[in-house]
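Student: One file: coords.pdb (PDB, C-alpha atoms, pLDDT in the B column).
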```pdb
MODEL        1
ATOM      1  CA  MET A 249       0.000   0.000   0.000  1.00 49.00           C
ATOM      2  CA  PHE A 250       2.748   2.460   0.944  1.00 45.00           C
ATOM      3  CA  PRO A 251       4.688   2.047  -2.345  1.00 48.00           C
ATOM      4  CA  ARG A 252       1.550   2.907  -4.326  1.00 51.00           C
ATOM      5  CA  VAL A 253       0.968   6.052  -2.265  1.00 40.00           C
ATOM      6  CA  ALA A 254       4.601   7.083  -2.626  1.00 43.00           C
ATOM      7  CA  ILE A 255       4.437   6.597  -6.401  1.00 46.00           C
ATOM      8  CA  ALA A 256       1.189   8.582  -6.612  1.00 41.00           C
ATOM      9  CA  ILE A 257       2.637  11.459  -4.579  1.00 46.00           C
ATOM     10  CA  THR A 258       5.831  11.505  -6.650  1.00 42.00           C
ATOM     11  CA  ALA A 259       3.802  11.546  -9.861  1.00 43.00           C
ATOM     12  CA  CYS A 260       1.703  14.463  -8.564  1.00 38.00           C
ATOM     13  CA  PHE A 261       4.810  16.484  -7.757  1.00 42.00           C
ATOM     14  CA  ALA A 262       6.257  15.744 -11.199  1.00 40.00           C
ATOM     15  CA  VAL A 263       3.059  16.911 -12.895  1.00 33.00           C
ATOM     16  CA  LEU A 264       2.967  20.066 -10.775  1.00 33.00           C
ATOM     17  CA  ALA A 265       6.596  20.846 -11.551  1.00 35.00           C
ATOM     18  CA  VAL A 266       5.980  20.600 -15.291  1.00 34.00           C
ATOM     19  CA  ALA A 267       2.588  22.340 -15.270  1.00 35.00           C
ATOM     20  CA  THR A 268       3.525  25.233 -12.999  1.00 34.00           C
ATOM     21  CA  PRO A 269       4.613  28.238 -15.066  1.00 39.00           C
ATOM     22  CA  GLY A 270       8.053  29.036 -13.797  1.00 39.00           C
ATOM     23  CA  GLU A 271      10.106  32.127 -14.332  1.00 43.00           C
ATOM     24  CA  VAL A 272      12.855  30.331 -16.194  1.00 42.00           C
ATOM     25  CA  GLY A 273      14.076  33.403 -18.005  1.00 44.00           C
ATOM     26  CA  ASP A 274      14.157  35.535 -14.865  1.00 50.00           C
ATOM     27  CA  SER A 275      16.963  33.420 -13.432  1.00 60.00           C
ATOM     28  CA  GLN A 276      18.945  34.143 -16.609  1.00 74.00           C
ATOM     29  CA  CYS A 277      17.877  37.775 -16.923  1.00 85.00           C
ATOM     30  CA  ASN A 278      18.749  39.907 -13.922  1.00 82.00           C
ATOM     31  CA  GLY A 279      17.690  43.522 -14.326  1.00 81.00           C
ATOM     32  CA  GLY A 280      16.587  43.322 -17.942  1.00 87.00           C
ATOM     33  CA  ASP A 281      13.559  42.465 -20.016  1.00 91.00           C
ATOM     34  CA  ILE A 282      13.054  39.290 -22.012  1.00 91.00           C
ATOM     35  CA  TYR A 283      12.560  39.690 -25.750  1.00 92.00           C
ATOM     36  CA  CYS A 284      12.039  37.472 -28.754  1.00 93.00           C
ATOM     37  CA  CYS A 285      14.528  38.682 -31.369  1.00 94.00           C
ATOM     38  CA  ASP A 286      15.109  37.623 -34.958  1.00 95.00           C
ATOM     39  CA  SER A 287      18.786  37.456 -34.041  1.00 94.00           C
ATOM     40  CA  VAL A 288      21.355  38.531 -31.465  1.00 95.00           C
ATOM     41  CA  GLN A 289      24.604  39.755 -32.990  1.00 95.00           C
ATOM     42  CA  ASP A 290      27.821  41.417 -31.954  1.00 94.00           C
ATOM     43  CA  ALA A 291      27.581  45.218 -32.077  1.00 91.00           C
ATOM     44  CA  SER A 292      30.772  45.379 -34.125  1.00 90.00           C
ATOM     45  CA  SER A 293      29.501  43.180 -36.962  1.00 92.00           C
ATOM     46  CA  PRO A 294      29.241  45.035 -40.288  1.00 92.00           C
ATOM     47  CA  SER A 295      25.472  44.563 -40.652  1.00 91.00           C
ATOM     48  CA  VAL A 296      24.818  45.874 -37.136  1.00 91.00           C
ATOM     49  CA  THR A 297      27.154  48.848 -37.435  1.00 90.00           C
ATOM     50  CA  SER A 298      25.432  49.838 -40.698  1.00 91.00           C
ATOM     51  CA  LEU A 299      22.010  49.660 -39.052  1.00 90.00           C
ATOM     52  CA  LEU A 300      23.204  51.583 -35.995  1.00 89.00           C
ATOM     53  CA  ALA A 301      24.685  54.277 -38.249  1.00 90.00           C
ATOM     54  CA  LEU A 302      21.319  54.663 -40.000  1.00 90.00           C
ATOM     55  CA  LEU A 303      19.732  55.191 -36.574  1.00 87.00           C
ATOM     56  CA  GLY A 304      22.386  57.742 -35.630  1.00 87.00           C
ATOM     57  CA  ILE A 305      24.050  55.499 -33.043  1.00 81.00           C
ATOM     58  CA  VAL A 306      27.735  55.733 -33.802  1.00 75.00           C
ATOM     59  CA  GLY A 307      30.592  54.417 -31.688  1.00 72.00           C
ATOM     60  CA  SER A 308      28.609  53.857 -28.490  1.00 71.00           C
ATOM     61  CA  ALA A 309      27.455  50.283 -29.034  1.00 76.00           C
ATOM     62  CA  THR A 310      29.406  47.455 -27.460  1.00 82.00           C
ATOM     63  CA  GLY A 311      28.555  43.862 -26.655  1.00 89.00           C
ATOM     64  CA  GLN A 312      25.591  42.252 -28.316  1.00 94.00           C
ATOM     65  CA  VAL A 313      22.412  43.724 -29.760  1.00 94.00           C
ATOM     66  CA  GLY A 314      19.060  42.157 -30.519  1.00 94.00           C
ATOM     67  CA  LEU A 315      17.513  42.785 -33.929  1.00 95.00           C
ATOM     68  CA  ASN A 316      13.751  42.981 -34.590  1.00 94.00           C
ATOM     69  CA  CYS A 317      12.731  42.216 -31.010  1.00 93.00           C
ATOM     70  CA  ASP A 318       9.288  41.851 -29.451  1.00 92.00           C
ATOM     71  CA  PRO A 319       8.805  41.714 -25.683  1.00 91.00           C
ATOM     72  CA  ILE A 320       7.750  38.419 -24.167  1.00 86.00           C
ATOM     73  CA  THR A 321       4.934  39.158 -21.755  1.00 73.00           C
ATOM     74  CA  ALA A 322       4.914  37.868 -18.191  1.00 64.00           C
ATOM     75  CA  LEU A 323       1.425  36.451 -18.633  1.00 59.00           C
ATOM     76  CA  GLY A 324       2.279  34.609 -21.816  1.00 54.00           C
ATOM     77  CA  VAL A 325      -0.426  36.286 -23.875  1.00 51.00           C
ATOM     78  CA  GLY A 326      -0.360  38.611 -26.854  1.00 50.00           C
ATOM     79  CA  SER A 327       2.103  38.860 -29.695  1.00 52.00           C
ATOM     80  CA  GLY A 328       5.063  38.015 -27.463  1.00 47.00           C
ATOM     81  CA  ALA A 329       3.543  34.868 -25.983  1.00 58.00           C
ATOM     82  CA  SER A 330       5.950  32.482 -27.703  1.00 73.00           C
ATOM     83  CA  CYS A 331       9.259  32.778 -29.446  1.00 83.00           C
ATOM     84  CA  THR A 332      10.356  30.733 -32.422  1.00 85.00           C
ATOM     85  CA  SER A 333      13.541  32.772 -32.900  1.00 89.00           C
ATOM     86  CA  GLN A 334      16.164  33.823 -30.319  1.00 93.00           C
ATOM     87  CA  THR A 335      15.093  34.736 -26.800  1.00 93.00           C
ATOM     88  CA  ALA A 336      17.299  37.390 -25.268  1.00 93.00           C
ATOM     89  CA  CYS A 337      17.707  39.380 -22.083  1.00 94.00           C
ATOM     90  CA  CYS A 338      18.205  43.035 -22.992  1.00 93.00           C
ATOM     91  CA  THR A 339      19.270  45.620 -20.438  1.00 92.00           C
ATOM     92  CA  GLY A 340      19.975  48.626 -22.652  1.00 88.00           C
ATOM     93  CA  ASP A 341      18.015  51.042 -24.802  1.00 87.00           C
ATOM     94  CA  SER A 342      15.428  49.871 -27.290  1.00 86.00           C
ATOM     95  CA  PHE A 343      14.765  51.555 -30.602  1.00 87.00           C
ATOM     96  CA  ASN A 344      11.148  50.488 -31.296  1.00 87.00           C
ATOM     97  CA  GLY A 345      12.204  46.845 -31.308  1.00 86.00           C
ATOM     98  CA  LEU A 346      14.329  47.330 -34.395  1.00 92.00           C
ATOM     99  CA  VAL A 347      17.479  47.313 -32.271  1.00 93.00           C
ATOM    100  CA  ASN A 348      17.768  46.465 -28.581  1.00 93.00           C
ATOM    101  CA  MET A 349      21.072  47.207 -26.869  1.00 92.00           C
ATOM    102  CA  GLY A 350      22.848  45.175 -24.210  1.00 92.00           C
ATOM    103  CA  CYS A 351      21.344  41.797 -25.100  1.00 93.00           C
ATOM    104  CA  SER A 352      22.458  38.314 -24.271  1.00 93.00           C
ATOM    105  CA  PRO A 353      20.859  35.143 -25.623  1.00 93.00           C
ATOM    106  CA  ILE A 354      18.955  33.008 -23.106  1.00 91.00           C
ATOM    107  CA  ASN A 355      17.232  29.647 -23.268  1.00 86.00           C
ATOM    108  CA  LEU A 356      13.599  29.524 -22.129  1.00 74.00           C
ATOM    109  CA  SER A 357      12.899  25.896 -23.062  1.00 65.00           C
ATOM    110  CA  LEU A 358      12.415  23.428 -20.251  1.00 43.00           C
TER
ENDMDL
END
```
Give the structure from this file in C-alpha cells form.

Tutor:
Amino acid sequence: MFPRVAIAITACFAVLAVATPGEVGDSQCNGGDIYCCDSVQDASSPSVTSLLALLGIVGSATGQVGLNCDPITALGVGSGASCTSQTACCTGDSFNGLVNMGCSPINLSL
C-alpha cells in the first residue's frame, strides 16, 4: 500500500513541476527584459554597425544587440507569448524593437 501512495505522490509532484509556469528566463535575466529577437549579434559586426549608423548610433554600441525584437509578456499572452527565434535578455536602450542594446541570448525551453 505504501509504495503505491509514494508513487502517486511523486507523480503528482512531477506533474505540478511541469505544469507550474516558472520564471525560467528571470533566473537568466537579472535587471533586464526578455525579448524574442530575430537574431542577437555582436555590435561590431558590419550589418549591425550599418544599421546603428542609420539610426544615428555611432561608436557607443558594445557587446551584443538584438535585432527585430518583441517583448515576451509575463502572462504569456499577446504577440510576445511564444518565441520561435532567439530569446534574449536586454538591459539597454530599445529603438522600437528594431534594435535592442545590451542583449544576451537566453534559453527559455524546459

Student: Please provide as an MDAnalysis selection string all residues within 8 Å of A:Asn316, with the sequence filter that same-chain residues fewer than 5 positions apart are discarded (counting all atoms listed in the file).

Tutor: chainID A and resid 285:287 345:347

Student: I need the chosen residues saved as an mmCIF file, in the coordinates of the input, with C-alpha atoms.

Tutor:
```cif
data_model
loop_
_atom_site.group_PDB
_atom_site.id
_atom_site.type_symbol
_atom_site.label_atom_id
_atom_site.label_comp_id
_atom_site.auth_asym_id
_atom_site.auth_seq_id
_atom_site.Cartn_x
_atom_site.Cartn_y
_atom_site.Cartn_z
ATOM 1 C CA CYS A 285 14.528 38.682 -31.369
ATOM 2 C CA ASP A 286 15.109 37.623 -34.958
ATOM 3 C CA SER A 287 18.786 37.456 -34.041
ATOM 4 C CA GLY A 345 12.204 46.845 -31.308
ATOM 5 C CA LEU A 346 14.329 47.330 -34.395
ATOM 6 C CA VAL A 347 17.479 47.313 -32.271
#
```

Student: Report as a VMD selection string the full result of the PyMOL selection byres ((chain A and resi 293-298) around 12) when it is applied to this structure.

Tutor: chain A and resid 287 to 292 299 to 316 346 to 349

Student: Quick one: apply the PyMOL selection byres ((chain A and resi 281) around 9) to the file and drop the selected residues here as a PyMOL selection string.

Tutor: chain A and resi 274+277-280+282-283+319-320+336-339

Student: Between atom CA of A:Phe343 and atom CA of A:Cys284, what is the distance, to one decimal in Å?

Tutor: 14.5 Å

Student: Would you compute the distance between atom CA of A:Asn344 and atom CA of A:Thr321? Give it in Å to one decimal.

Tutor: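 Separation of atom CA of A:Asn344 and atom CA of A:Thr321: 16.1 Å.
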